[in-house]
Amino acid sequence: MRPVFIILYLSLLGLYLFVETGDSLRRRAVNKILLSSLFLFFGQFWFWTNGYAWGWQFMALVGMFYACMGDALLLFSFGAGGAAFAVCNLCFIGYTFCTLFFGGAFPQALIFLTVGLLAFFGIFFGATRSKWIDLGEKTSLAFFYMLTVALHGILGVAAAVLLPSAHTILLGVGLCLFMIADHFLAIYKFRTKNKRALRINTSCYFLGMMLVALSFSVLP
């Protein structure tokens, strides 16, 4: 099952990188929704067939669902897509926090959080104060959103390092790629319309979500 998912997913991702910057919204929409549906379907399938529970672990399923919704909404509205992804981020924050807490590793994770958040605050405020990125009236919303992305990326890496298993390593690397992707999206939207930044965003995000889905194909 995993090889089928990976081959099909990577084939669609390669095609999407080709059509993403083209003029056809219909092609972009169909390709993107297929990609999102794949990580959602397989992630849910593996979740239910590999012993994951209805409790706090269910937040991961909700996160994948809102990621898929965000992908579809971004095709038509940046604000609506961003709102869906904010919910997605909060779900992954909850999931990774509980993974660390119930795994007994949250005290050590505070080191990762401290270092990671200091780096985030330094980069964000340095970029906005210097006007390297000009967010205008959207600064507060962008700060909240990027903070949620940073938190799930940092917590994901902490889980991979402190509680190493096939699940946490795949999940942590996937969420870290997701975090990197959104930084490149911010550069594309608010700094430059360079297509290279958009392709890096797309590659990191969809590869990240592929790894998140694959993380549920192994036992918790």
# chains A, B, ... in the order shown; residues from 1 in each chain; ligands from 1

$ residues_around --residues "region 130-134 of chain A" --least-positions-apart "5" --cutoff "12 Å" --atoms "only C-alpha atoms" --output "VMD selection string"
chain A and resid 122 to 125 139 142 183 to 192

$ write_last_selection --atoms "N, CA and C atoms" --output "PDB file, in the first residue's frame"
ATOM      1  N   GLY A 122      12.951  36.230  16.538  1.00  0.00           N
ATOM      2  CA  GLY A 122      14.033  37.002  15.941  1.00  0.00           C
ATOM      3  C   GLY A 122      13.864  37.173  14.443  1.00  0.00           C
ATOM      4  N   ILE A 123      13.523  36.080  13.755  1.00  0.00           N
ATOM      5  CA  ILE A 123      13.349  36.137  12.301  1.00  0.00           C
ATOM      6  C   ILE A 123      12.134  36.981  11.925  1.00  0.00           C
ATOM      7  N   PHE A 124      11.006  36.742  12.615  1.00  0.00           N
ATOM      8  CA  PHE A 124       9.769  37.446  12.255  1.00  0.00           C
ATOM      9  C   PHE A 124       9.901  38.944  12.469  1.00  0.00           C
ATOM     10  N   PHE A 125      10.311  39.325  13.670  1.00  0.00           N
ATOM     11  CA  PHE A 125      10.387  40.759  13.953  1.00  0.00           C
ATOM     12  C   PHE A 125      11.529  41.439  13.200  1.00  0.00           C
ATOM     13  N   THR A 139      -0.092  42.316   9.738  1.00  0.00           N
ATOM     14  CA  THR A 139       1.017  41.890  10.587  1.00  0.00           C
ATOM     15  C   THR A 139       0.549  41.029  11.760  1.00  0.00           C
ATOM     16  N   ALA A 142      -0.736  37.630  10.518  1.00  0.00           N
ATOM     17  CA  ALA A 142       0.397  36.845  10.016  1.00  0.00           C
ATOM     18  C   ALA A 142       1.235  36.324  11.175  1.00  0.00           C
ATOM     19  N   HIS A 183       7.009  29.491   5.400  1.00  0.00           N
ATOM     20  CA  HIS A 183       7.935  30.610   5.364  1.00  0.00           C
ATOM     21  C   HIS A 183       8.210  31.036   3.917  1.00  0.00           C
ATOM     22  N   PHE A 184       8.334  30.051   3.045  1.00  0.00           N
ATOM     23  CA  PHE A 184       8.549  30.391   1.634  1.00  0.00           C
ATOM     24  C   PHE A 184       7.285  30.968   0.995  1.00  0.00           C
ATOM     25  N   LEU A 185       6.109  30.547   1.480  1.00  0.00           N
ATOM     26  CA  LEU A 185       4.873  31.144   0.982  1.00  0.00           C
ATOM     27  C   LEU A 185       4.802  32.613   1.382  1.00  0.00           C
ATOM     28  N   ALA A 186       5.224  32.921   2.615  1.00  0.00           N
ATOM     29  CA  ALA A 186       5.243  34.318   3.067  1.00  0.00           C
ATOM     30  C   ALA A 186       6.189  35.149   2.206  1.00  0.00           C
ATOM     31  N   ILE A 187       7.333  34.569   1.865  1.00  0.00           N
ATOM     32  CA  ILE A 187       8.280  35.280   0.996  1.00  0.00           C
ATOM     33  C   ILE A 187       7.650  35.539  -0.368  1.00  0.00           C
ATOM     34  N   TYR A 188       6.959  34.528  -0.880  1.00  0.00           N
ATOM     35  CA  TYR A 188       6.329  34.674  -2.198  1.00  0.00           C
ATOM     36  C   TYR A 188       5.211  35.714  -2.176  1.00  0.00           C
ATOM     37  N   LYS A 189       4.381  35.701  -1.130  1.00  0.00           N
ATOM     38  CA  LYS A 189       3.225  36.598  -1.078  1.00  0.00           C
ATOM     39  C   LYS A 189       3.610  38.033  -0.733  1.00  0.00           C
ATOM     40  N   PHE A 190       4.599  38.202   0.149  1.00  0.00           N
ATOM     41  CA  PHE A 190       4.851  39.533   0.694  1.00  0.00           C
ATOM     42  C   PHE A 190       6.237  40.102   0.362  1.00  0.00           C
ATOM     43  N   ARG A 191       7.077  39.309  -0.292  1.00  0.00           N
ATOM     44  CA  ARG A 191       8.411  39.804  -0.629  1.00  0.00           C
ATOM     45  C   ARG A 191       8.640  39.848  -2.137  1.00  0.00           C
ATOM     46  N   THR A 192       8.434  38.725  -2.780  1.00  0.00           N
ATOM     47  CA  THR A 192       8.698  38.637  -4.212  1.00  0.00           C
ATOM     48  C   THR A 192       7.785  37.588  -4.820  1.00  0.00           C
TER      49      THR A 192
END

$ residues_around --residues "region 47-53 of chain A" --least-positions-apart "4" --cutoff "10 Å" --atoms "only C-alpha atoms" --output "VMD selection string"
chain A and resid 41 to 43 57 to 58 60 to 61 213 to 220

$ write_last_selection --atoms "all heavy atoms" --output "compact mmCIF listing (two decimals), in the first residue's frame"
# COMPACT_ATOMS: atom_id res chain seq x y z
N PHE A 41 -6.96 10.68 2.52
CA PHE A 41 -7.53 9.33 2.46
C PHE A 41 -6.59 8.31 3.08
O PHE A 41 -6.99 7.52 3.94
CB PHE A 41 -7.86 8.94 1.02
CG PHE A 41 -8.26 7.50 0.88
CD1 PHE A 41 -9.55 7.10 1.19
CD2 PHE A 41 -7.36 6.54 0.46
CE1 PHE A 41 -9.93 5.76 1.08
CE2 PHE A 41 -7.72 5.20 0.35
CZ PHE A 41 -9.01 4.81 0.66
N PHE A 42 -5.32 8.31 2.62
CA PHE A 42 -4.40 7.30 3.13
C PHE A 42 -4.04 7.54 4.59
O PHE A 42 -3.88 6.59 5.35
CB PHE A 42 -3.12 7.27 2.26
CG PHE A 42 -3.29 6.49 0.99
CD1 PHE A 42 -3.64 7.12 -0.18
CD2 PHE A 42 -3.11 5.12 0.99
CE1 PHE A 42 -3.80 6.40 -1.35
CE2 PHE A 42 -3.28 4.38 -0.18
CZ PHE A 42 -3.63 5.02 -1.35
N GLY A 43 -3.92 8.81 4.99
CA GLY A 43 -3.66 9.10 6.39
C GLY A 43 -4.76 8.58 7.27
O GLY A 43 -4.53 7.95 8.32
N GLN A 57 -5.44 11.50 20.04
CA GLN A 57 -4.82 11.20 18.75
C GLN A 57 -5.72 11.63 17.58
O GLN A 57 -5.23 11.89 16.47
CB GLN A 57 -4.51 9.70 18.65
CG GLN A 57 -3.43 9.25 19.62
CD GLN A 57 -3.23 7.74 19.58
OE1 GLN A 57 -4.15 7.00 19.24
NE2 GLN A 57 -2.04 7.30 19.92
N PHE A 58 -7.02 11.72 17.85
CA PHE A 58 -7.96 12.10 16.80
C PHE A 58 -7.68 13.51 16.26
O PHE A 58 -8.08 13.84 15.14
CB PHE A 58 -9.39 12.02 17.35
CG PHE A 58 -10.45 12.10 16.30
CD1 PHE A 58 -10.64 11.08 15.40
CD2 PHE A 58 -11.27 13.22 16.21
CE1 PHE A 58 -11.62 11.15 14.41
CE2 PHE A 58 -12.26 13.31 15.24
CZ PHE A 58 -12.43 12.27 14.34
N ALA A 60 -5.03 14.59 15.10
CA ALA A 60 -4.24 14.49 13.88
C ALA A 60 -5.13 14.33 12.65
O ALA A 60 -4.85 14.90 11.59
CB ALA A 60 -3.26 13.32 13.98
N LEU A 61 -6.19 13.54 12.79
CA LEU A 61 -7.12 13.36 11.68
C LEU A 61 -7.81 14.68 11.33
O LEU A 61 -7.98 15.01 10.15
CB LEU A 61 -8.20 12.33 12.03
CG LEU A 61 -7.88 10.85 11.85
CD1 LEU A 61 -9.16 10.05 11.99
CD2 LEU A 61 -7.23 10.58 10.52
N ALA A 213 1.11 11.70 6.55
CA ALA A 213 0.19 10.58 6.26
C ALA A 213 0.91 9.24 6.47
O ALA A 213 0.35 8.32 7.09
CB ALA A 213 -0.32 10.70 4.82
N LEU A 214 2.15 9.13 5.98
CA LEU A 214 2.90 7.89 6.12
C LEU A 214 3.20 7.56 7.58
O LEU A 214 3.33 6.38 7.94
CB LEU A 214 4.22 7.98 5.35
CG LEU A 214 4.14 7.81 3.84
CD1 LEU A 214 5.46 8.20 3.17
CD2 LEU A 214 3.77 6.37 3.48
N SER A 215 3.28 8.59 8.42
CA SER A 215 3.58 8.32 9.83
C SER A 215 2.50 7.48 10.50
O SER A 215 2.77 6.77 11.48
CB SER A 215 3.76 9.65 10.60
OG SER A 215 2.52 10.29 10.82
N PHE A 216 1.30 7.50 9.95
CA PHE A 216 0.22 6.70 10.52
C PHE A 216 0.13 5.31 9.91
O PHE A 216 -0.74 4.53 10.29
CB PHE A 216 -1.11 7.45 10.38
CG PHE A 216 -1.16 8.69 11.21
CD1 PHE A 216 -0.92 9.93 10.65
CD2 PHE A 216 -1.37 8.61 12.57
CE1 PHE A 216 -0.92 11.08 11.42
CE2 PHE A 216 -1.38 9.74 13.36
CZ PHE A 216 -1.15 10.99 12.79
N SER A 217 1.05 5.02 8.99
CA SER A 217 1.08 3.66 8.42
C SER A 217 1.90 2.72 9.28
O SER A 217 2.04 1.54 8.97
CB SER A 217 1.67 3.70 7.00
OG SER A 217 3.06 3.99 7.02
N VAL A 218 2.48 3.25 10.39
CA VAL A 218 3.23 2.42 11.33
C VAL A 218 2.55 2.50 12.69
O VAL A 218 1.82 3.45 12.99
CB VAL A 218 4.70 2.91 11.44
CG1 VAL A 218 5.44 2.62 10.14
CG2 VAL A 218 4.78 4.39 11.76
N LEU A 219 2.78 1.50 13.51
CA LEU A 219 2.11 1.44 14.80
C LEU A 219 2.54 2.58 15.70
O LEU A 219 3.70 3.02 15.67
CB LEU A 219 2.43 0.11 15.50
CG LEU A 219 1.84 -1.15 14.83
CD1 LEU A 219 2.36 -2.40 15.52
CD2 LEU A 219 0.33 -1.12 14.88
N PRO A 220 1.61 3.11 16.52
CA PRO A 220 1.95 4.21 17.44
C PRO A 220 2.92 3.74 18.52
O PRO A 220 3.00 2.56 18.83
CB PRO A 220 0.60 4.58 18.03
CG PRO A 220 -0.24 3.35 17.92
CD PRO A 220 0.22 2.68 16.66

$ residues_around --residues "Phe101 (chain A)" --least-positions-apart "3" --cutoff "12 Å" --atoms "only C-alpha atoms" --output "MDAnalysis selection string"
chainID A and resid 56 93:98 104:110 155 158:159 162:163

$ write_last_selection --atoms "C-alpha atoms" --output "PDB file, in the first residue's frame"
ATOM      1  CA  TRP A  56      -6.313  13.015  21.740  1.00  0.00           C
ATOM      2  CA  ILE A  93       0.096  21.523  18.012  1.00  0.00           C
ATOM      3  CA  GLY A  94      -2.349  19.622  20.226  1.00  0.00           C
ATOM      4  CA  TYR A  95      -1.323  16.259  18.784  1.00  0.00           C
ATOM      5  CA  THR A  96       2.426  16.800  19.117  1.00  0.00           C
ATOM      6  CA  PHE A  97       2.034  18.315  22.593  1.00  0.00           C
ATOM      7  CA  CYS A  98       0.073  15.266  23.777  1.00  0.00           C
ATOM      8  CA  GLY A 104       7.008  11.722  29.370  1.00  0.00           C
ATOM      9  CA  ALA A 105       9.242  13.981  27.288  1.00  0.00           C
ATOM     10  CA  PHE A 106       7.580  17.374  27.604  1.00  0.00           C
ATOM     11  CA  PRO A 107      10.013  18.794  30.219  1.00  0.00           C
ATOM     12  CA  GLN A 108      12.909  18.171  27.806  1.00  0.00           C
ATOM     13  CA  ALA A 109      10.832  19.558  24.952  1.00  0.00           C
ATOM     14  CA  LEU A 110      10.830  22.942  26.677  1.00  0.00           C
ATOM     15  CA  LEU A 155       7.063  20.267  18.709  1.00  0.00           C
ATOM     16  CA  ALA A 158      11.110  17.594  19.552  1.00  0.00           C
ATOM     17  CA  ALA A 159       8.948  14.456  19.333  1.00  0.00           C
ATOM     18  CA  LEU A 162      13.095  12.836  22.215  1.00  0.00           C
ATOM     19  CA  LEU A 163      10.723   9.946  21.409  1.00  0.00           C
TER      20      LEU A 163
END

$ select_by_dssp --residues "region 5-169 of chain A" --states "alpha helix (DSSP H)" --output "PyMOL selection string"
chain A and resi 5-19+25-49+58-74+78-102+106-129+139-162+166-169

$ residues_around --residues "Val87 (chain A)" --least-positions-apart "3" --cutoff "9 Å" --atoms "only C-alpha atoms" --output "PDB file with N, CA and C atoms, in the first residue's frame"
ATOM      1  N   VAL A  62      -8.200  15.427  12.361  1.00  0.00           N
ATOM      2  CA  VAL A  62      -8.844  16.722  12.129  1.00  0.00           C
ATOM      3  C   VAL A  62      -7.856  17.671  11.453  1.00  0.00           C
ATOM      4  N   GLY A  63      -6.592  17.622  11.888  1.00  0.00           N
ATOM      5  CA  GLY A  63      -5.569  18.453  11.266  1.00  0.00           C
ATOM      6  C   GLY A  63      -5.410  18.157   9.788  1.00  0.00           C
ATOM      7  N   TYR A  66      -8.417  19.574   7.825  1.00  0.00           N
ATOM      8  CA  TYR A  66      -8.377  21.025   7.596  1.00  0.00           C
ATOM      9  C   TYR A  66      -7.235  21.426   6.657  1.00  0.00           C
ATOM     10  N   ALA A  67      -6.174  20.634   6.609  1.00  0.00           N
ATOM     11  CA  ALA A  67      -5.128  20.890   5.619  1.00  0.00           C
ATOM     12  C   ALA A  67      -5.679  20.689   4.212  1.00  0.00           C
ATOM     13  N   GLY A  82      -6.196  30.405   4.635  1.00  0.00           N
ATOM     14  CA  GLY A  82      -5.364  30.635   5.805  1.00  0.00           C
ATOM     15  C   GLY A  82      -6.080  30.277   7.092  1.00  0.00           C
ATOM     16  N   ALA A  83      -7.392  30.572   7.174  1.00  0.00           N
ATOM     17  CA  ALA A  83      -8.172  30.239   8.363  1.00  0.00           C
ATOM     18  C   ALA A  83      -8.245  28.720   8.563  1.00  0.00           C
ATOM     19  N   ALA A  84      -8.456  27.997   7.466  1.00  0.00           N
ATOM     20  CA  ALA A  84      -8.509  26.535   7.559  1.00  0.00           C
ATOM     21  C   ALA A  84      -7.166  25.971   8.008  1.00  0.00           C
ATOM     22  N   LEU A  90      -3.332  24.305  14.740  1.00  0.00           N
ATOM     23  CA  LEU A  90      -3.695  24.133  16.149  1.00  0.00           C
ATOM     24  C   LEU A  90      -3.913  22.655  16.488  1.00  0.00           C
ATOM     25  N   CYS A  91      -4.490  21.925  15.555  1.00  0.00           N
ATOM     26  CA  CYS A  91      -4.692  20.484  15.772  1.00  0.00           C
ATOM     27  C   CYS A  91      -3.358  19.750  15.874  1.00  0.00           C
ATOM     28  N   PHE A  92      -2.418  20.091  15.002  1.00  0.00           N
ATOM     29  CA  PHE A  92      -1.113  19.435  15.056  1.00  0.00           C
ATOM     30  C   PHE A  92      -0.317  19.860  16.284  1.00  0.00           C
TER      31      PHE A  92
END

$ closest_residue --among "A:Leu171, A:Leu211, A:Leu151, A:Leu40" --to "Asp71 (chain A)" --atoms "only C-alpha atoms"
A:Leu40

$ residues_around --residues "Ile169 (chain A)" --least-positions-apart "4" --cutoff "9 Å" --atoms "only C-alpha atoms" --output "list in words"
Gly156, Val157, Ala159, Ala160, Val161, Leu163, Pro164, Ser165, Val173, Gly174 and Ser215 of chain A
